[in-house]
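File shown here: protein-v4.cif, holding mmCIF, C-alpha atoms.
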data_entry
#
loop_
_atom_site.label_atom_id
_atom_site.label_comp_id
_atom_site.auth_asym_id
_atom_site.auth_seq_id
_atom_site.Cartn_x
_atom_site.Cartn_y
_atom_site.Cartn_z
CA MET A 10 115.44 148.28 -22.70
CA ALA A 11 118.70 147.39 -24.44
CA TYR A 12 121.14 145.05 -22.69
CA PHE A 13 124.57 146.72 -22.53
CA PRO A 14 127.53 144.66 -23.79
CA PRO A 15 129.25 143.19 -20.71
CA ARG A 16 132.64 144.43 -19.61
CA GLN A 17 132.76 147.28 -22.12
CA THR A 18 133.17 150.69 -20.46
CA ASN A 19 134.59 152.34 -23.57
CA THR A 20 136.13 151.42 -26.90
CA LYS A 21 139.73 150.21 -26.82
CA SER A 22 142.03 149.13 -29.65
CA PRO A 23 142.94 145.40 -29.58
CA LYS A 24 146.49 146.06 -28.34
CA SER A 25 145.32 148.59 -25.79
CA GLY A 26 142.67 146.14 -24.64
CA ALA A 27 145.28 143.38 -24.22
CA ALA A 28 147.53 145.69 -22.19
CA PHE A 29 144.60 146.86 -20.09
CA ASP A 30 143.43 143.31 -19.37
CA ALA A 31 146.94 142.11 -18.43
CA LEU A 32 147.66 145.07 -16.17
CA LYS A 33 144.23 144.92 -14.54
CA ARG A 34 144.65 141.22 -13.82
CA ASP A 35 148.05 141.77 -12.17
CA ILE A 36 146.72 144.69 -10.11
CA MET A 37 143.63 142.79 -8.98
CA LEU A 38 145.73 139.77 -7.99
CA GLY A 39 148.32 141.89 -6.20
CA VAL A 40 151.15 140.92 -8.55
CA LEU A 41 151.55 144.65 -9.14
CA GLU A 42 151.53 146.01 -5.60
CA PRO A 43 150.18 149.42 -4.54
CA GLY A 44 152.71 152.14 -5.23
CA THR A 45 154.39 150.26 -8.08
CA GLY A 46 155.51 152.67 -10.78
CA LEU A 47 154.33 152.09 -14.35
CA THR A 48 156.23 153.80 -17.16
CA GLU A 49 154.82 154.07 -20.65
CA LEU A 50 158.19 153.37 -22.29
CA GLU A 51 158.81 150.14 -20.38
CA LEU A 52 155.24 148.94 -20.82
CA ALA A 53 155.34 149.70 -24.55
CA ALA A 54 158.45 147.54 -24.86
CA HIS A 55 156.89 144.77 -22.78
CA PHE A 56 153.64 144.68 -24.77
CA GLN A 57 155.39 145.45 -28.08
CA CYS A 58 153.15 148.39 -28.86
CA SER A 59 153.32 152.18 -29.02
CA GLN A 60 153.39 154.46 -25.99
CA GLY A 61 150.08 155.90 -27.18
CA THR A 62 148.53 152.43 -26.94
CA VAL A 63 149.90 152.02 -23.40
CA ARG A 64 148.65 155.49 -22.49
CA GLU A 65 145.15 154.48 -23.60
CA ALA A 66 145.28 151.41 -21.34
CA LEU A 67 146.54 153.46 -18.38
CA LEU A 68 143.79 156.03 -18.83
CA GLN A 69 141.23 153.22 -18.71
CA LEU A 70 142.84 151.85 -15.56
CA GLN A 71 142.70 155.35 -14.10
CA GLU A 72 138.96 155.54 -14.83
CA GLU A 73 138.50 152.36 -12.80
CA GLY A 74 140.63 153.78 -9.97
CA LEU A 75 143.32 151.11 -10.28
CA VAL A 76 146.16 153.53 -11.04
CA LEU A 77 146.96 157.13 -10.23
CA ARG A 78 148.52 159.31 -12.94
CA LYS A 79 150.59 162.05 -11.33
CA GLY A 80 151.90 164.08 -14.25
CA ARG A 81 155.68 164.25 -14.19
CA ARG A 82 155.77 161.83 -11.29
CA GLY A 83 154.41 159.15 -13.59
CA THR A 84 151.77 156.51 -12.97
CA GLN A 85 151.48 154.34 -9.88
CA VAL A 86 149.27 151.44 -8.86
CA SER A 87 146.65 152.83 -6.46
CA GLU A 88 146.27 151.75 -2.85
CA CYS A 89 143.59 149.26 -1.80
CA THR A 90 142.64 150.31 1.71
CA GLU A 91 139.97 149.09 4.08
CA ASP A 92 138.69 152.65 4.59
CA GLU A 93 138.01 153.06 0.86
CA ALA A 94 136.49 149.59 0.65
CA VAL A 95 134.10 150.35 3.51
CA GLU A 96 132.92 153.60 1.92
CA MET A 97 132.41 151.85 -1.41
CA PHE A 98 130.39 149.10 0.27
CA ARG A 99 128.24 151.84 1.78
CA LEU A 100 127.83 153.47 -1.61
CA ARG A 101 126.75 150.15 -3.07
CA GLN A 102 124.18 149.68 -0.33
CA GLN A 103 122.64 153.02 -1.25
CA ILE A 104 122.94 152.75 -5.03
CA GLU A 105 121.90 149.11 -5.41
CA GLY A 106 119.40 149.12 -2.54
CA ASN A 107 117.50 152.08 -3.96
CA GLY A 108 118.06 150.77 -7.46
CA MET A 109 116.41 147.46 -6.59
CA VAL A 110 113.25 149.27 -5.50
CA ARG A 111 113.13 151.01 -8.87
CA VAL A 112 113.85 147.76 -10.72
CA MET A 113 110.95 146.00 -9.05
CA ARG A 114 108.49 148.63 -10.26
CA SER A 115 109.00 147.54 -13.86
CA PRO A 116 111.63 144.84 -14.46
CA SER A 117 112.42 144.12 -18.08
CA ARG A 118 111.12 140.86 -19.56
CA THR A 119 114.63 139.46 -20.01
CA LEU A 120 116.00 140.40 -16.58
CA ILE A 121 115.62 136.99 -14.91
CA LYS A 122 116.94 135.22 -18.01
CA ASP A 123 119.97 137.53 -18.31
CA LEU A 124 120.83 137.22 -14.62
CA SER A 125 120.46 133.43 -14.74
CA GLU A 126 122.82 133.23 -17.72
CA LEU A 127 125.38 135.35 -15.88
CA LEU A 128 125.08 133.10 -12.83
CA ASP A 129 125.77 130.10 -15.07
CA LYS A 130 128.90 131.86 -16.34
CA MET A 131 129.99 132.55 -12.77
CA LEU A 132 129.56 128.87 -11.92
CA LYS A 133 131.64 127.84 -14.94
CA ALA A 134 134.39 130.26 -13.91
CA ALA A 135 134.22 128.84 -10.38
CA ALA A 136 134.56 125.30 -11.73
CA ALA A 137 137.65 126.44 -13.65
CA ALA A 138 139.04 128.02 -10.45
CA ASP A 139 139.26 131.38 -12.23
CA GLU A 140 138.48 133.90 -9.50
CA LEU A 141 139.06 136.94 -11.71
CA GLU A 142 136.71 135.67 -14.41
CA LEU A 143 134.14 134.95 -11.73
CA ALA A 144 134.52 138.49 -10.37
CA SER A 145 134.13 139.92 -13.86
CA PHE A 146 130.83 138.09 -14.45
CA ASP A 147 129.81 139.08 -10.92
CA ARG A 148 130.19 142.74 -11.93
CA ASP A 149 128.22 142.09 -15.10
CA PHE A 150 125.45 140.57 -12.97
CA HIS A 151 125.13 143.62 -10.72
CA ARG A 152 125.36 146.10 -13.59
CA ARG A 153 122.77 144.18 -15.64
CA LEU A 154 120.42 144.27 -12.69
CA PHE A 155 121.03 147.97 -12.07
CA GLU A 156 120.41 148.72 -15.75
CA ASP A 157 116.69 148.20 -15.11
CA ALA A 158 116.75 150.94 -12.46
CA ASN A 159 117.15 153.38 -15.37
CA LEU A 160 119.83 155.47 -13.65
CA PRO A 161 122.62 155.29 -16.27
CA ALA A 162 124.67 158.17 -14.87
CA LEU A 163 125.29 156.08 -11.73
CA ASP A 164 126.56 153.01 -13.61
CA PRO A 165 130.23 154.19 -13.78
CA ILE A 166 130.16 154.85 -10.04
CA LEU A 167 128.73 151.41 -9.34
CA HIS A 168 131.28 149.82 -11.67
CA ARG A 169 134.19 151.45 -9.82
CA CYS A 170 132.75 150.32 -6.48
CA LEU A 171 132.42 146.76 -7.78
CA VAL A 172 136.00 146.72 -9.08
CA HIS A 173 137.42 147.97 -5.80
CA ASN A 174 135.27 145.70 -3.68
CA HIS A 175 136.48 142.68 -5.65
CA ARG A 176 140.08 143.84 -5.48
CA PHE A 177 139.77 144.30 -1.71
CA LYS A 178 138.12 140.91 -1.27
CA ILE A 179 140.78 139.12 -3.30
CA SER A 180 143.60 140.92 -1.47
CA ARG A 181 142.13 139.86 1.90
CA SER A 182 141.72 136.22 0.86
CA PRO A 183 145.20 134.61 0.93
CA MET A 184 143.62 131.19 1.39
CA SER A 185 141.65 129.52 -1.38
CA ARG A 186 137.93 130.30 -1.21
CA ASP A 187 134.85 128.33 -2.18
CA LEU A 188 134.22 130.00 -5.53
CA GLU A 189 131.09 127.98 -6.24
CA ALA A 190 129.55 129.25 -3.00
CA THR A 191 130.53 132.79 -3.99
CA ALA A 192 128.68 132.40 -7.29
CA LEU A 193 125.63 130.75 -5.71
CA ARG A 194 125.15 133.71 -3.33
CA HIS A 195 123.54 135.46 -6.31
CA ARG A 196 120.78 132.86 -6.68
CA SER A 197 118.77 134.29 -3.77
CA ILE A 198 118.73 137.68 -5.52
CA ILE A 199 117.27 136.12 -8.67
CA GLU A 200 114.69 134.21 -6.63
CA ALA A 201 113.70 137.36 -4.73
CA ILE A 202 113.20 139.28 -7.97
CA GLY A 203 111.19 136.39 -9.37
CA SER A 204 108.88 136.47 -6.34
CA GLY A 205 107.71 139.94 -7.32
CA ASP A 206 108.12 141.09 -3.70
CA ALA A 207 109.99 144.43 -3.76
CA GLY A 208 110.73 144.34 -0.03
CA ARG A 209 112.19 140.85 -0.25
CA ALA A 210 114.27 141.80 -3.30
CA ALA A 211 115.70 144.92 -1.63
CA ALA A 212 116.47 142.99 1.57
CA SER A 213 118.17 140.25 -0.45
CA MET A 214 120.44 142.76 -2.15
CA GLN A 215 121.26 144.57 1.10
CA HIS A 216 122.14 141.28 2.82
CA HIS A 217 124.24 140.22 -0.18
CA ILE A 218 126.37 143.38 -0.02
CA ALA A 219 126.63 143.33 3.78
CA THR A 220 128.01 139.77 3.81
CA ILE A 221 130.56 140.03 1.00
CA VAL A 222 133.49 140.29 3.42
CA ASP A 223 134.02 139.60 7.12
CA LEU A 224 133.87 143.26 8.09
CA GLY A 225 130.21 143.37 7.03
CA PRO A 226 128.76 143.01 10.55
CA GLU A 227 130.79 146.03 11.68
CA VAL A 228 129.72 148.20 8.73
CA PHE A 229 126.09 147.04 8.46
CA PRO A 230 125.06 145.77 11.92
CA GLU A 231 121.39 146.46 11.16
CA THR A 232 121.53 144.22 8.05
CA VAL A 233 123.62 141.31 9.28
CA GLN A 234 121.65 139.58 12.01
#

Is it possible to express this structure as structure tokens?
Amino acid sequence: MAYFPPRQTNTKSPKSGAAFDALKRDIMLGVLEPGTGLTELELAAHFQCSQGTVREALLQLQEEGLVLRKGRRGTQVSECTEDEAVEMFRLRQQIEGNGMVRVMRSPSRTLIKDLSELLDKMLKAAAAADELELASFDRDFHRRLFEDANLPALDPILHRCLVHNHRFKISRSPMSRDLEATALRHRSIIEAIGSGDAGRAAASMQHHIATIVDLGPEVFPETVQ
């Protein structure tokens, strides 16, 4: 089974990619607040590129649910609400919980190695105090794992859930967090997969998702004991 290139959801030109990365970073960090208007002309001047290049970046941001394009009303940064976050956590529980069961039937030979390498990258990002880089490798970790479930049509849905869950978590964490501990939470998933016990692996994933944010016990009382 081929390992998908991390963090590539479609092909972008270099300038479009730079604009996308910069805008995504500011949205995820809350520098660009929900409801902020984004105009192609102003962004093209800021990034010193064409409006078509900016439009490509905005369309990619729209695919990830980070902006809303409203025709003549322009483009606005999307909201980041608790209600949406809760529903996306629930979606993840279903998608990744069921996916883990499928993964454990026939995990690829490189799965443990790939996940371990991504954990190492998370730890390096944590050591550099780069929360966004850590979150990006975190998404790669979950998507690499889900790849072995062989349900590719669900990957874009999972990716959007991951993006919004990370955005919500960052927005609700005004104080500095223990990034190393955040990265190390993934080690138990790797160990559970390595044990070959499907029940343990599924429970590990369900607990991981249920304890991402403080509202977990309210959303998943049966998982968080």

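Going from atom CA of Lys178 of chain A to atom CA of Thr48 of chain A covers 27.3 Å.
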
Which value, in Å to one decimal, gives the distance between atom CA of Thr45 of chain A and atom CA of Leu70 of chain A?
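Spanning atom CA of Thr45 of chain A to atom CA of Leu70 of chain A is a straight-line distance of 13.9 Å.
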
Determine the residue membership of the PyMOL selection byres ((chain A and resi 30-41) around 9) for the file above and supply it as a PyMOL selection string.
chain A and resi 25-29+42-45+66-67+70+75-76+86-87+141+172-173+175-177+179-180

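Proximity to Asn107 of chain A was assessed for A:Ala136, A:Leu77, A:Leu163, A:Ile199 counting all atoms listed in the file; the smallest distance is recorded for A:Leu163.
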
From A:Leu171, A:Leu193, A:Ala137, A:Ala212, residue lying nearest Val95 of chain A [all atoms listed in the file]:
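Under the stated criterion, the closest residue is A:Leu171.
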
Please, what distance in Å, to one decimal, runs between atom CA of Ala94 of chain A and atom CA of His151 of chain A?
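Between atom CA of Ala94 of chain A and atom CA of His151 of chain A the gap is 17.1 Å.
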
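Compared by their closest atoms to Thr191 of chain A, and using only C-alpha atoms, the residues A:Lys122, A:His217, A:Arg114, A:Arg101 rank with A:His217 nearest.
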
Take the PyMOL selection byres ((chain A and resi 109) around 9), apply it to the structure above, and return the hits as number ranges by chain.
A: 104-108, 110-114, 154-155, 157-158, 202, 207, 210-211, 214

Using all atoms listed in the file and a cutoff of 12 Å, can you tell me which residues are near (134.2, 141.3, -13.8) in the file's coordinates, and write them out as a PyMOL selection string?
chain A and resi 15-18+30+33-34+37+73+127+130-131+134+139-153+168-176

Write out N, CA, C and O atoms for segment 57-68 of chain A, as a compact mmCIF listing (two decimals), keeping the file's coordinate frame.
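What landed in rebuild_13.txt:
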# COMPACT_ATOMS: atom_id res chain seq x y z
N GLN A 57 155.04 145.29 -26.66
CA GLN A 57 155.39 145.45 -28.08
C GLN A 57 154.33 146.28 -28.82
O GLN A 57 153.75 145.86 -29.81
N CYS A 58 154.11 147.46 -28.27
CA CYS A 58 153.15 148.39 -28.86
C CYS A 58 153.66 149.81 -28.66
O CYS A 58 154.73 150.03 -28.09
N SER A 59 152.91 150.79 -29.14
CA SER A 59 153.32 152.18 -29.02
C SER A 59 153.02 152.72 -27.62
O SER A 59 152.19 152.17 -26.89
N GLN A 60 153.67 153.82 -27.26
CA GLN A 60 153.39 154.46 -25.99
C GLN A 60 151.96 155.00 -25.95
O GLN A 60 151.33 155.04 -24.91
N GLY A 61 151.45 155.42 -27.11
CA GLY A 61 150.08 155.90 -27.18
C GLY A 61 149.10 154.79 -26.82
O GLY A 61 148.08 155.05 -26.15
N THR A 62 149.39 153.57 -27.26
CA THR A 62 148.53 152.43 -26.94
C THR A 62 148.56 152.16 -25.44
O THR A 62 147.52 151.90 -24.81
N VAL A 63 149.76 152.22 -24.85
CA VAL A 63 149.90 152.02 -23.40
C VAL A 63 149.16 153.13 -22.65
O VAL A 63 148.48 152.88 -21.65
N ARG A 64 149.30 154.36 -23.15
CA ARG A 64 148.65 155.49 -22.49
C ARG A 64 147.13 155.29 -22.45
O ARG A 64 146.47 155.60 -21.46
N GLU A 65 146.59 154.75 -23.55
CA GLU A 65 145.15 154.48 -23.60
C GLU A 65 144.75 153.47 -22.53
O GLU A 65 143.72 153.64 -21.85
N ALA A 66 145.56 152.43 -22.35
CA ALA A 66 145.28 151.41 -21.34
C ALA A 66 145.37 152.00 -19.93
O ALA A 66 144.54 151.72 -19.07
N LEU A 67 146.37 152.85 -19.70
CA LEU A 67 146.54 153.46 -18.38
C LEU A 67 145.41 154.42 -18.05
O LEU A 67 144.98 154.51 -16.90
N LEU A 68 144.92 155.12 -19.06
CA LEU A 68 143.79 156.03 -18.83
C LEU A 68 142.54 155.24 -18.44
O LEU A 68 141.76 155.67 -17.59
